[in-house]
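Below is the file data-v4.txt, which contains compact mmCIF, N, CA and C atoms.
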# COMPACT_ATOMS: atom_id res chain seq x y z
N MET V 325 -221.67 -80.59 61.58
CA MET V 325 -221.61 -81.85 60.89
C MET V 325 -220.16 -82.20 60.63
N THR V 326 -219.83 -83.43 60.83
CA THR V 326 -218.47 -83.88 60.55
C THR V 326 -218.41 -84.50 59.15
N ILE V 327 -217.20 -84.61 58.62
CA ILE V 327 -217.03 -85.24 57.32
C ILE V 327 -217.57 -86.66 57.34
N ASN V 328 -217.32 -87.41 58.41
CA ASN V 328 -217.78 -88.79 58.51
C ASN V 328 -219.30 -88.89 58.49
N ALA V 329 -219.98 -87.86 58.92
CA ALA V 329 -221.44 -87.86 58.93
C ALA V 329 -222.00 -87.91 57.52
N LEU V 330 -221.24 -87.47 56.53
CA LEU V 330 -221.72 -87.48 55.16
C LEU V 330 -222.03 -88.88 54.66
N ASP V 331 -221.34 -89.88 55.18
CA ASP V 331 -221.59 -91.25 54.75
C ASP V 331 -222.89 -91.80 55.31
N SER V 332 -223.38 -91.23 56.38
CA SER V 332 -224.55 -91.80 57.04
C SER V 332 -225.84 -91.04 56.76
N ILE V 333 -225.78 -89.96 55.99
CA ILE V 333 -226.99 -89.20 55.69
C ILE V 333 -227.14 -89.04 54.19
N ASP V 334 -228.35 -88.81 53.77
CA ASP V 334 -228.62 -88.49 52.38
C ASP V 334 -228.20 -87.04 52.16
N TRP V 335 -227.71 -86.74 50.99
CA TRP V 335 -227.36 -85.35 50.69
C TRP V 335 -228.65 -84.59 50.52
N ALA V 336 -229.16 -84.05 51.61
CA ALA V 336 -230.48 -83.44 51.63
C ALA V 336 -230.55 -82.15 50.83
N ALA V 337 -229.43 -81.48 50.62
CA ALA V 337 -229.46 -80.21 49.91
C ALA V 337 -228.09 -79.88 49.38
N MET V 338 -228.05 -79.02 48.42
CA MET V 338 -226.77 -78.57 47.88
C MET V 338 -225.97 -77.84 48.94
N SER V 339 -226.63 -77.43 50.01
CA SER V 339 -225.92 -76.72 51.06
C SER V 339 -224.75 -77.54 51.61
N HIS V 340 -224.86 -78.86 51.56
CA HIS V 340 -223.74 -79.69 52.01
C HIS V 340 -222.53 -79.47 51.11
N ALA V 341 -222.77 -79.47 49.81
CA ALA V 341 -221.66 -79.26 48.87
C ALA V 341 -221.10 -77.86 49.03
N TYR V 342 -221.97 -76.88 49.18
CA TYR V 342 -221.48 -75.52 49.36
C TYR V 342 -220.73 -75.37 50.68
N GLY V 343 -221.20 -76.06 51.71
CA GLY V 343 -220.50 -76.03 52.99
C GLY V 343 -219.11 -76.63 52.89
N LEU V 344 -219.00 -77.72 52.15
CA LEU V 344 -217.69 -78.33 51.94
C LEU V 344 -216.78 -77.38 51.17
N HIS V 345 -217.34 -76.68 50.23
CA HIS V 345 -216.55 -75.71 49.46
C HIS V 345 -215.98 -74.64 50.37
N ARG V 346 -216.78 -74.17 51.31
CA ARG V 346 -216.33 -73.13 52.26
C ARG V 346 -215.31 -73.68 53.24
N MET V 347 -215.32 -74.98 53.49
CA MET V 347 -214.37 -75.57 54.45
C MET V 347 -212.94 -75.56 53.91
N GLY V 348 -212.80 -75.49 52.61
CA GLY V 348 -211.46 -75.49 52.03
C GLY V 348 -210.77 -76.82 52.24
N PRO V 349 -209.47 -76.80 52.52
CA PRO V 349 -208.69 -78.04 52.64
C PRO V 349 -209.21 -79.00 53.71
N ALA V 350 -209.94 -78.51 54.68
CA ALA V 350 -210.48 -79.39 55.72
C ALA V 350 -211.52 -80.37 55.16
N ALA V 351 -212.03 -80.09 53.97
CA ALA V 351 -213.04 -80.95 53.34
C ALA V 351 -212.42 -82.10 52.56
N GLU V 352 -211.11 -82.17 52.49
CA GLU V 352 -210.44 -83.19 51.68
C GLU V 352 -210.90 -84.62 51.98
N PRO V 353 -211.16 -84.99 53.25
CA PRO V 353 -211.63 -86.35 53.52
C PRO V 353 -212.96 -86.69 52.83
N ALA V 354 -213.70 -85.69 52.41
CA ALA V 354 -214.99 -85.92 51.75
C ALA V 354 -214.87 -86.16 50.25
N LEU V 355 -213.67 -86.01 49.69
CA LEU V 355 -213.50 -86.17 48.24
C LEU V 355 -214.08 -87.49 47.69
N PRO V 356 -213.82 -88.63 48.32
CA PRO V 356 -214.39 -89.86 47.77
C PRO V 356 -215.92 -89.82 47.71
N ARG V 357 -216.55 -89.26 48.72
CA ARG V 357 -218.03 -89.17 48.75
C ARG V 357 -218.53 -88.23 47.67
N ILE V 358 -217.83 -87.14 47.45
CA ILE V 358 -218.23 -86.18 46.43
C ILE V 358 -218.10 -86.82 45.05
N ARG V 359 -217.01 -87.50 44.83
CA ARG V 359 -216.82 -88.18 43.54
C ARG V 359 -217.89 -89.25 43.31
N THR V 360 -218.23 -89.98 44.35
CA THR V 360 -219.28 -90.99 44.25
C THR V 360 -220.61 -90.34 43.89
N GLU V 361 -220.91 -89.23 44.49
CA GLU V 361 -222.17 -88.53 44.22
C GLU V 361 -222.28 -88.19 42.73
N LEU V 362 -221.18 -87.80 42.13
CA LEU V 362 -221.21 -87.44 40.70
C LEU V 362 -221.42 -88.65 39.79
N THR V 363 -221.11 -89.85 40.27
CA THR V 363 -221.27 -91.03 39.43
C THR V 363 -222.69 -91.61 39.46
N LEU V 364 -223.49 -91.17 40.42
CA LEU V 364 -224.84 -91.71 40.56
C LEU V 364 -225.75 -91.22 39.43
N LEU V 365 -226.58 -92.12 38.91
CA LEU V 365 -227.56 -91.71 37.91
C LEU V 365 -228.63 -90.83 38.54
N ARG V 366 -228.98 -91.16 39.77
CA ARG V 366 -229.92 -90.33 40.53
C ARG V 366 -229.19 -89.86 41.77
N ARG V 367 -228.78 -88.60 41.73
CA ARG V 367 -228.04 -88.06 42.86
C ARG V 367 -228.93 -87.92 44.08
N SER V 368 -228.30 -87.89 45.23
CA SER V 368 -229.01 -87.79 46.50
C SER V 368 -229.63 -86.42 46.67
N GLY V 369 -230.46 -86.31 47.65
CA GLY V 369 -231.01 -85.00 47.99
C GLY V 369 -232.42 -84.80 47.51
N ARG V 370 -232.91 -83.60 47.76
CA ARG V 370 -234.27 -83.23 47.40
C ARG V 370 -234.21 -82.22 46.26
N PHE V 371 -234.29 -82.72 45.06
CA PHE V 371 -234.14 -81.84 43.91
C PHE V 371 -235.40 -81.88 43.08
N GLY V 372 -235.80 -80.70 42.62
CA GLY V 372 -237.04 -80.58 41.89
C GLY V 372 -236.90 -80.69 40.39
N GLY V 373 -235.72 -80.93 39.90
CA GLY V 373 -235.59 -81.02 38.46
C GLY V 373 -234.15 -81.02 38.00
N VAL V 374 -234.01 -80.94 36.70
CA VAL V 374 -232.70 -81.02 36.06
C VAL V 374 -231.81 -79.85 36.49
N ALA V 375 -232.37 -78.65 36.54
CA ALA V 375 -231.57 -77.48 36.90
C ALA V 375 -230.96 -77.63 38.28
N ASN V 376 -231.72 -78.14 39.24
CA ASN V 376 -231.19 -78.34 40.59
C ASN V 376 -230.11 -79.41 40.61
N ASP V 377 -230.31 -80.47 39.83
CA ASP V 377 -229.30 -81.52 39.75
C ASP V 377 -228.01 -80.97 39.15
N GLU V 378 -228.14 -80.15 38.12
CA GLU V 378 -226.95 -79.56 37.51
C GLU V 378 -226.24 -78.62 38.48
N ASP V 379 -227.00 -77.91 39.31
CA ASP V 379 -226.39 -77.06 40.34
C ASP V 379 -225.58 -77.90 41.32
N LEU V 380 -226.12 -79.06 41.71
CA LEU V 380 -225.39 -79.94 42.63
C LEU V 380 -224.11 -80.45 41.96
N GLN V 381 -224.22 -80.84 40.69
CA GLN V 381 -223.02 -81.31 39.99
C GLN V 381 -221.97 -80.20 39.93
N ASP V 382 -222.39 -78.98 39.63
CA ASP V 382 -221.45 -77.86 39.56
C ASP V 382 -220.79 -77.62 40.91
N ALA V 383 -221.58 -77.68 41.99
CA ALA V 383 -221.03 -77.46 43.33
C ALA V 383 -220.03 -78.56 43.68
N CYS V 384 -220.35 -79.80 43.36
CA CYS V 384 -219.43 -80.90 43.64
C CYS V 384 -218.13 -80.75 42.84
N ARG V 385 -218.27 -80.40 41.58
CA ARG V 385 -217.08 -80.21 40.74
C ARG V 385 -216.22 -79.07 41.24
N ALA V 386 -216.84 -78.02 41.75
CA ALA V 386 -216.07 -76.88 42.29
C ALA V 386 -215.25 -77.31 43.51
N VAL V 387 -215.86 -78.13 44.37
CA VAL V 387 -215.13 -78.62 45.54
C VAL V 387 -213.96 -79.49 45.10
N ILE V 388 -214.20 -80.40 44.17
CA ILE V 388 -213.13 -81.26 43.68
C ILE V 388 -212.01 -80.44 43.06
N SER V 389 -212.38 -79.47 42.24
CA SER V 389 -211.39 -78.63 41.57
C SER V 389 -210.53 -77.87 42.58
N ASP V 390 -211.18 -77.28 43.58
CA ASP V 390 -210.45 -76.51 44.59
C ASP V 390 -209.51 -77.39 45.41
N LEU V 391 -209.95 -78.60 45.72
CA LEU V 391 -209.16 -79.47 46.59
C LEU V 391 -208.06 -80.21 45.86
N THR V 392 -208.15 -80.29 44.54
CA THR V 392 -207.14 -81.02 43.79
C THR V 392 -206.27 -80.11 42.94
N ALA V 393 -206.47 -78.81 43.05
CA ALA V 393 -205.69 -77.85 42.25
C ALA V 393 -204.27 -77.72 42.77

Target encoding structure tokens, full file:
Amino acid sequence: MTINALDSIDWAAMSHAYGLHRMGPAAEPALPRIRTELTLLRRSGRFGGVANDEDLQDACRAVISDLTA
């Protein structure tokens, strides 16, 4: 999956956020999309509850933190 593909698909799973985290600096082009995801009242993906949503938020914040440190 390319960074540009993130704009055309729903965030189907936290695995996307975790994958971006593993990409390191190569994931920097995805920062705007990650930040947008955190602003949504109903985040994308298939989540079964609050705990899963909080996991996605944590994963997104970890990517942002690593890329902007």

Can you tell me, as a list in words, what residues are no more than 8 Å from V:Pro349 when counting only N, CA and C atoms, ignoring any on the same chain fewer than 4 positions away? Leu344, His345, Pro353, Asp390 and Leu391 of chain V

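Coordinates place atom C of V:Asn376 at a distance of 20.3 Å from atom C of V:Arg346.
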
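Checking V:Ala393, V:Ala375, V:Arg366, V:Asp382 one by one against V:Ala341, counting only C-alpha atoms, you find the shortest gap at V:Asp382.
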
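Here atom N of V:Ala354 and atom CA of V:Asp379 stand 19.5 Å from one another.
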
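Here atom CA of V:Glu361 stands at a distance of 11.1 Å from atom N of V:Ala383.
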